[in-house]
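protein24.cif follows; it contains mmCIF, C-alpha atoms.
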```
data_work
#
loop_
_atom_site.group_PDB
_atom_site.id
_atom_site.type_symbol
_atom_site.label_atom_id
_atom_site.label_comp_id
_atom_site.auth_asym_id
_atom_site.auth_seq_id
_atom_site.Cartn_x
_atom_site.Cartn_y
_atom_site.Cartn_z
ATOM 1 C CA MET S 16 60.284 -42.939 -46.260
ATOM 2 C CA ALA S 17 61.875 -41.551 -43.082
ATOM 3 C CA GLY S 18 64.936 -40.542 -45.104
ATOM 4 C CA LEU S 19 62.825 -38.459 -47.508
ATOM 5 C CA THR S 20 61.039 -36.735 -44.613
ATOM 6 C CA ALA S 21 64.350 -35.897 -42.915
ATOM 7 C CA ALA S 22 65.744 -34.512 -46.190
ATOM 8 C CA ALA S 23 62.623 -32.374 -46.716
ATOM 9 C CA VAL S 24 62.810 -30.981 -43.165
ATOM 10 C CA ALA S 25 66.503 -30.171 -43.636
ATOM 11 C CA ALA S 26 65.805 -28.406 -46.939
ATOM 12 C CA VAL S 27 63.021 -26.306 -45.419
ATOM 13 C CA ALA S 28 65.203 -25.387 -42.434
ATOM 14 C CA PHE S 29 68.031 -24.331 -44.769
ATOM 15 C CA LEU S 30 65.690 -22.193 -46.900
ATOM 16 C CA ALA S 31 64.227 -20.560 -43.762
ATOM 17 C CA TYR S 32 67.744 -19.747 -42.552
ATOM 18 C CA GLU S 33 68.648 -18.222 -45.931
ATOM 19 C CA ALA S 34 65.429 -16.171 -46.014
ATOM 20 C CA ALA S 35 65.998 -14.854 -42.485
ATOM 21 C CA ALA S 36 69.561 -13.866 -43.347
ATOM 22 C CA SER S 37 68.409 -11.807 -46.346
ATOM 23 C CA ALA S 38 65.389 -10.124 -44.674
ATOM 24 C CA PRO S 39 65.469 -6.317 -44.325
ATOM 25 C CA ALA S 40 66.683 -5.077 -40.918
ATOM 26 C CA ASP S 41 63.509 -3.071 -40.306
ATOM 27 C CA LEU S 42 61.127 -5.968 -40.977
ATOM 28 C CA ALA S 43 60.236 -6.271 -37.275
ATOM 29 C CA GLU S 44 59.067 -2.628 -37.222
ATOM 30 C CA ARG S 45 56.588 -3.035 -40.076
ATOM 31 C CA PRO S 46 52.984 -3.984 -39.307
ATOM 32 C CA ALA S 47 51.950 -7.420 -40.504
ATOM 33 C CA ALA S 48 49.867 -7.464 -43.657
ATOM 34 C CA ALA S 49 46.257 -8.558 -43.311
ATOM 35 C CA GLY S 50 45.990 -12.328 -43.132
ATOM 36 C CA THR S 51 49.666 -12.881 -42.306
ATOM 37 C CA ALA S 52 51.270 -13.856 -39.068
ATOM 38 C CA ALA S 53 53.251 -11.299 -37.107
ATOM 39 C CA PRO S 54 56.980 -11.936 -36.585
ATOM 40 C CA SER S 55 57.573 -14.540 -33.893
ATOM 41 C CA ALA S 56 60.439 -15.695 -31.719
ATOM 42 C CA THR S 57 62.684 -15.880 -34.810
ATOM 43 C CA MET S 58 63.149 -12.094 -34.688
ATOM 44 C CA SER S 59 66.737 -11.024 -34.269
ATOM 45 C CA PRO S 60 67.918 -10.028 -30.789
ATOM 46 C CA GLY S 61 67.332 -6.354 -30.073
ATOM 47 C CA ALA S 62 64.546 -6.047 -32.667
ATOM 48 C CA LYS S 63 61.707 -3.796 -31.557
ATOM 49 C CA LYS S 64 58.243 -5.193 -30.974
ATOM 50 C CA PRO S 65 55.692 -3.854 -33.434
ATOM 51 C CA ALA S 66 54.138 -0.696 -31.986
ATOM 52 C CA LYS S 67 50.503 -0.764 -30.862
ATOM 53 C CA ASP S 68 48.252 1.068 -33.307
ATOM 54 C CA PRO S 69 47.378 4.307 -31.462
ATOM 55 C CA LEU S 70 44.135 4.568 -33.415
ATOM 56 C CA ALA S 71 42.901 1.068 -32.547
ATOM 57 C CA VAL S 72 39.784 0.852 -30.376
ATOM 58 C CA PRO S 73 40.869 0.105 -26.779
ATOM 59 C CA ALA S 74 40.486 -3.608 -26.074
ATOM 60 C CA ALA S 75 38.893 -3.089 -22.647
ATOM 61 C CA SER S 76 36.052 -0.925 -24.003
ATOM 62 C CA GLY S 77 33.414 -3.608 -24.388
ATOM 63 C CA THR S 78 31.582 -4.672 -27.511
ATOM 64 C CA GLY S 79 28.826 -3.432 -29.773
ATOM 65 C CA GLU S 80 27.939 0.049 -30.918
ATOM 66 C CA ARG S 81 29.383 2.625 -28.528
ATOM 67 C CA VAL S 82 31.329 5.835 -28.002
ATOM 68 C CA VAL S 83 34.707 5.174 -26.371
ATOM 69 C CA TYR S 84 36.478 7.985 -24.518
ATOM 70 C CA ALA S 85 40.083 7.332 -23.426
ATOM 71 C CA LEU S 86 41.040 9.733 -20.650
ATOM 72 C CA GLN S 87 44.838 9.434 -20.951
ATOM 73 C CA ASP S 88 44.898 9.422 -24.746
ATOM 74 C CA ARG S 89 42.423 12.313 -24.964
ATOM 75 C CA ARG S 90 40.771 10.454 -27.828
ATOM 76 C CA VAL S 91 37.261 9.347 -28.781
ATOM 77 C CA TRP S 92 36.228 6.458 -31.036
ATOM 78 C CA LEU S 93 32.785 6.040 -32.586
ATOM 79 C CA VAL S 94 32.444 2.247 -32.796
ATOM 80 C CA ASP S 95 29.869 0.425 -34.916
ATOM 81 C CA GLY S 96 27.991 -2.787 -34.070
ATOM 82 C CA LYS S 97 30.798 -4.878 -35.608
ATOM 83 C CA ASN S 98 33.347 -3.365 -33.161
ATOM 84 C CA ARG S 99 35.035 -1.266 -35.867
ATOM 85 C CA ALA S 100 35.862 2.399 -35.382
ATOM 86 C CA THR S 101 33.954 4.471 -37.898
ATOM 87 C CA ARG S 102 35.745 7.599 -36.693
ATOM 88 C CA THR S 103 38.344 8.568 -34.103
ATOM 89 C CA PHE S 104 39.519 11.996 -33.058
ATOM 90 C CA ARG S 105 41.394 13.936 -30.378
ATOM 91 C CA VAL S 106 39.502 15.934 -27.759
ATOM 92 C CA ALA S 107 40.307 18.585 -25.167
ATOM 93 C CA PRO S 108 39.259 17.134 -21.790
ATOM 94 C CA SER S 109 37.177 18.967 -19.233
ATOM 95 C CA SER S 110 38.490 19.905 -15.787
ATOM 96 C CA VAL S 111 36.126 17.283 -14.302
ATOM 97 C CA SER S 112 36.405 13.750 -15.688
ATOM 98 C CA PRO S 113 34.066 10.792 -15.224
ATOM 99 C CA ALA S 114 35.412 7.595 -13.685
ATOM 100 C CA PRO S 115 36.149 4.745 -16.091
ATOM 101 C CA GLY S 116 33.016 2.721 -16.757
ATOM 102 C CA ALA S 117 29.925 2.428 -18.933
ATOM 103 C CA TYR S 118 27.417 5.264 -19.247
ATOM 104 C CA ALA S 119 24.494 6.186 -21.494
ATOM 105 C CA VAL S 120 23.719 9.460 -23.253
ATOM 106 C CA THR S 121 21.187 11.200 -21.015
ATOM 107 C CA SER S 122 20.520 14.452 -22.886
ATOM 108 C CA ARG S 123 21.493 16.461 -25.943
ATOM 109 C CA SER S 124 21.362 20.130 -26.939
ATOM 110 C CA GLY S 125 21.806 21.554 -30.408
ATOM 111 C CA SER S 126 23.265 24.890 -29.281
ATOM 112 C CA VAL S 127 23.849 26.398 -25.820
ATOM 113 C CA THR S 128 26.356 28.469 -23.893
ATOM 114 C CA GLY S 129 28.915 26.271 -22.124
ATOM 115 C CA SER S 130 29.739 26.564 -18.426
ATOM 116 C CA ASP S 131 32.900 28.416 -19.505
ATOM 117 C CA GLY S 132 30.827 31.056 -21.334
ATOM 118 C CA VAL S 133 31.681 29.796 -24.839
ATOM 119 C CA GLN S 134 28.909 29.215 -27.401
ATOM 120 C CA ILE S 135 28.838 25.450 -28.103
ATOM 121 C CA GLU S 136 26.896 23.076 -30.338
ATOM 122 C CA HIS S 137 26.094 19.381 -30.596
ATOM 123 C CA VAL S 138 26.207 18.785 -26.854
ATOM 124 C CA VAL S 139 25.978 15.086 -25.904
ATOM 125 C CA ARG S 140 25.771 14.604 -22.118
ATOM 126 C CA PHE S 141 26.419 11.250 -20.459
ATOM 127 C CA ALA S 142 27.629 11.626 -16.846
ATOM 128 C CA SER S 143 27.528 13.729 -13.703
ATOM 129 C CA VAL S 144 30.443 14.089 -11.292
ATOM 130 C CA ASP S 145 29.939 15.955 -8.005
ATOM 131 C CA GLY S 146 27.112 17.995 -9.512
ATOM 132 C CA VAL S 147 29.002 18.787 -12.740
ATOM 133 C CA THR S 148 27.423 17.468 -15.935
ATOM 134 C CA VAL S 149 29.941 15.865 -18.299
ATOM 135 C CA GLY S 150 29.483 15.674 -22.049
ATOM 136 C CA PHE S 151 30.966 16.175 -25.485
ATOM 137 C CA SER S 152 30.596 19.429 -27.384
ATOM 138 C CA ALA S 153 32.128 21.597 -30.082
ATOM 139 C CA ALA S 154 32.774 25.326 -29.707
ATOM 140 C CA VAL S 155 31.084 27.312 -32.464
ATOM 141 C CA ASP S 156 34.276 29.363 -32.847
ATOM 142 C CA GLY S 157 36.262 26.132 -33.350
ATOM 143 C CA SER S 158 38.419 26.595 -30.251
ATOM 144 C CA MET S 159 39.598 23.679 -28.124
ATOM 145 C CA PRO S 160 41.227 25.393 -25.146
ATOM 146 C CA SER S 161 42.699 23.583 -22.178
ATOM 147 C CA PRO S 162 40.270 23.734 -19.263
ATOM 148 C CA ASP S 163 40.852 26.151 -16.415
ATOM 149 C CA PRO S 164 41.653 23.854 -13.459
ATOM 150 C CA ALA S 165 40.242 26.478 -11.094
ATOM 151 C CA LYS S 166 36.763 26.041 -12.644
ATOM 152 C CA LYS S 167 34.755 22.825 -12.496
ATOM 153 C CA THR S 168 33.550 22.263 -16.047
ATOM 154 C CA GLY S 169 32.406 19.089 -17.758
ATOM 155 C CA GLY S 170 32.685 20.012 -21.438
ATOM 156 C CA ILE S 171 34.887 17.634 -23.437
ATOM 157 C CA ARG S 172 35.620 19.733 -26.525
ATOM 158 C CA MET S 173 36.132 18.520 -30.058
ATOM 159 C CA LYS S 174 36.437 20.068 -33.500
ATOM 160 C CA ARG S 175 33.167 21.047 -35.170
ATOM 161 C CA ALA S 176 33.327 18.274 -37.805
ATOM 162 C CA ASP S 177 33.867 15.736 -35.027
ATOM 163 C CA GLY S 178 30.965 17.284 -33.115
ATOM 164 C CA ASP S 179 28.752 16.795 -36.189
ATOM 165 C CA ALA S 180 29.749 13.118 -36.326
ATOM 166 C CA MET S 181 29.151 12.666 -32.573
ATOM 167 C CA TRP S 182 25.729 14.328 -32.849
ATOM 168 C CA THR S 183 24.694 11.956 -35.634
ATOM 169 C CA PHE S 184 26.109 8.871 -33.880
ATOM 170 C CA ALA S 185 25.167 9.304 -30.194
ATOM 171 C CA SER S 186 21.441 9.664 -29.632
ATOM 172 C CA ILE S 187 19.685 9.443 -26.242
ATOM 173 C CA GLY S 188 20.524 6.104 -24.589
ATOM 174 C CA ALA S 189 23.651 5.472 -26.697
ATOM 175 C CA LYS S 190 26.404 3.657 -24.818
ATOM 176 C CA VAL S 191 29.485 5.664 -23.780
ATOM 177 C CA VAL S 192 32.460 3.766 -22.359
ATOM 178 C CA VAL S 193 35.167 5.681 -20.520
ATOM 179 C CA VAL S 194 38.556 3.980 -20.253
ATOM 180 C CA PRO S 195 41.640 5.182 -18.362
#
```
Render the structure in this file as structure tokens.
Amino acid sequence: MAGLTAAAVAAVAFLAYEAAASAPADLAERPAAAGTAAPSATMSPGAKKPAKDPLAVPAASGTGERVVYALQDRRVWLVDGKNRATRTFRVAPSSVSPAPGAYAVTSRSGSVTGSDGVQIEHVVRFASVDGVTVGFSAAVDGSMPSPDPAKKTGGIRMKRADGDAMWTFASIGAKVVVVP
């Protein structure tokens, strides 16, 4: 019985060696298919690690339904109760940023003039920093300019379609998580 087991192990090892030798060179750069294991220590020397999905919800953003705002990535995720992003999009940050942490939507306005004088819509406010209110909004003219660092503004701008989605998703009391 031990002889059969040893022969089977040797056969499997030989087949694994043959399969590894004939695998495409870029296999390590491809994402693993759903339900399959990612490449392990058998990757060839010098092979690149699979890249992190830039659209994946940040791991340190908590759980449950929430808006996630990543300061460095300049990106927002609308996350459902099953921790899946229903939408993600780029934003233009304000000149004043909230500290990383958990917040709640405190107020909303359908249409107002922003602190920079631009007509905005779908304003969702969630923080205050040194007297400056911070929130998401979309410029009616569709612009997403870089903030003037000389002015203290709290408007995190997004495209109008993204503003529509934010408005629908983030009602008063909705959780907003800011990550670095």
Would you kindly translate the PyMOL selection byres ((chain S and resi 177-192) around 6) into the concrete residues it picks from this file, as a VMD selection string?
chain S and resid 81 to 83 116 to 121 137 153 174 to 176 193
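Among the candidates S:Val106, S:Ala85, S:Val194, S:Ala100, the one nearest to Ser152 in chain S when counting only C-alpha atoms is S:Val106.
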Which of these, S:Ala107, S:Arg102, S:Gly150, S:Gly96, has the shortest distance to Ser122 in chain S once you count only C-alpha atoms?
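Once distances to Ser122 in chain S are computed over only C-alpha atoms, the minimum belongs to S:Gly150.
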Could you check how far CA of Leu86 in chain S sits from CA of Gly146 in chain S, in Å to one decimal?
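CA of Gly146 in chain S lies 19.7 Å from CA of Leu86 in chain S.
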Residues at most 10 Å from range 70-73 of chain S, counting only C-alpha atoms, excluding those fewer than 5 positions away in the same chain, as a ChimeraX atom specification?
/S:83-85,88,90-94,98-100,102-104,194-195
Centre and edge lengths of an axis-aligned box around all listed atoms of range 124-130 of chain S, with 5 Å added on each side, are to be given in Å to one decimal, as AutoDock Vina command-line options.
```
--center_x 25.6 --center_y 24.3 --center_z -24.4 --size_x 18.4 --size_y 18.3 --size_z 22.0
```
Please return, as a list in words, all polymer residues that have at least one atom within 10 Å of the point (34.3, 17.1, -23.3); use all atoms listed in the file and the file's own coordinate frame.
Tyr84, Arg89, Val91, Val106, Ala107, Pro108, Ser109, Ser110, Val111, Ser112, Val138, Val139, Arg140, Val149, Gly150, Phe151, Ser152, Ala153, Met159, Pro162, Thr168, Gly169, Gly170, Ile171, Arg172 and Met173 of chain S
Rank S:Ala165, S:Val147, S:Ala75, S:Ala142 by their smallest atom-to-atom distance to Ala114 in chain S, using all atoms listed in the file, and report the top residue only.
S:Ala142
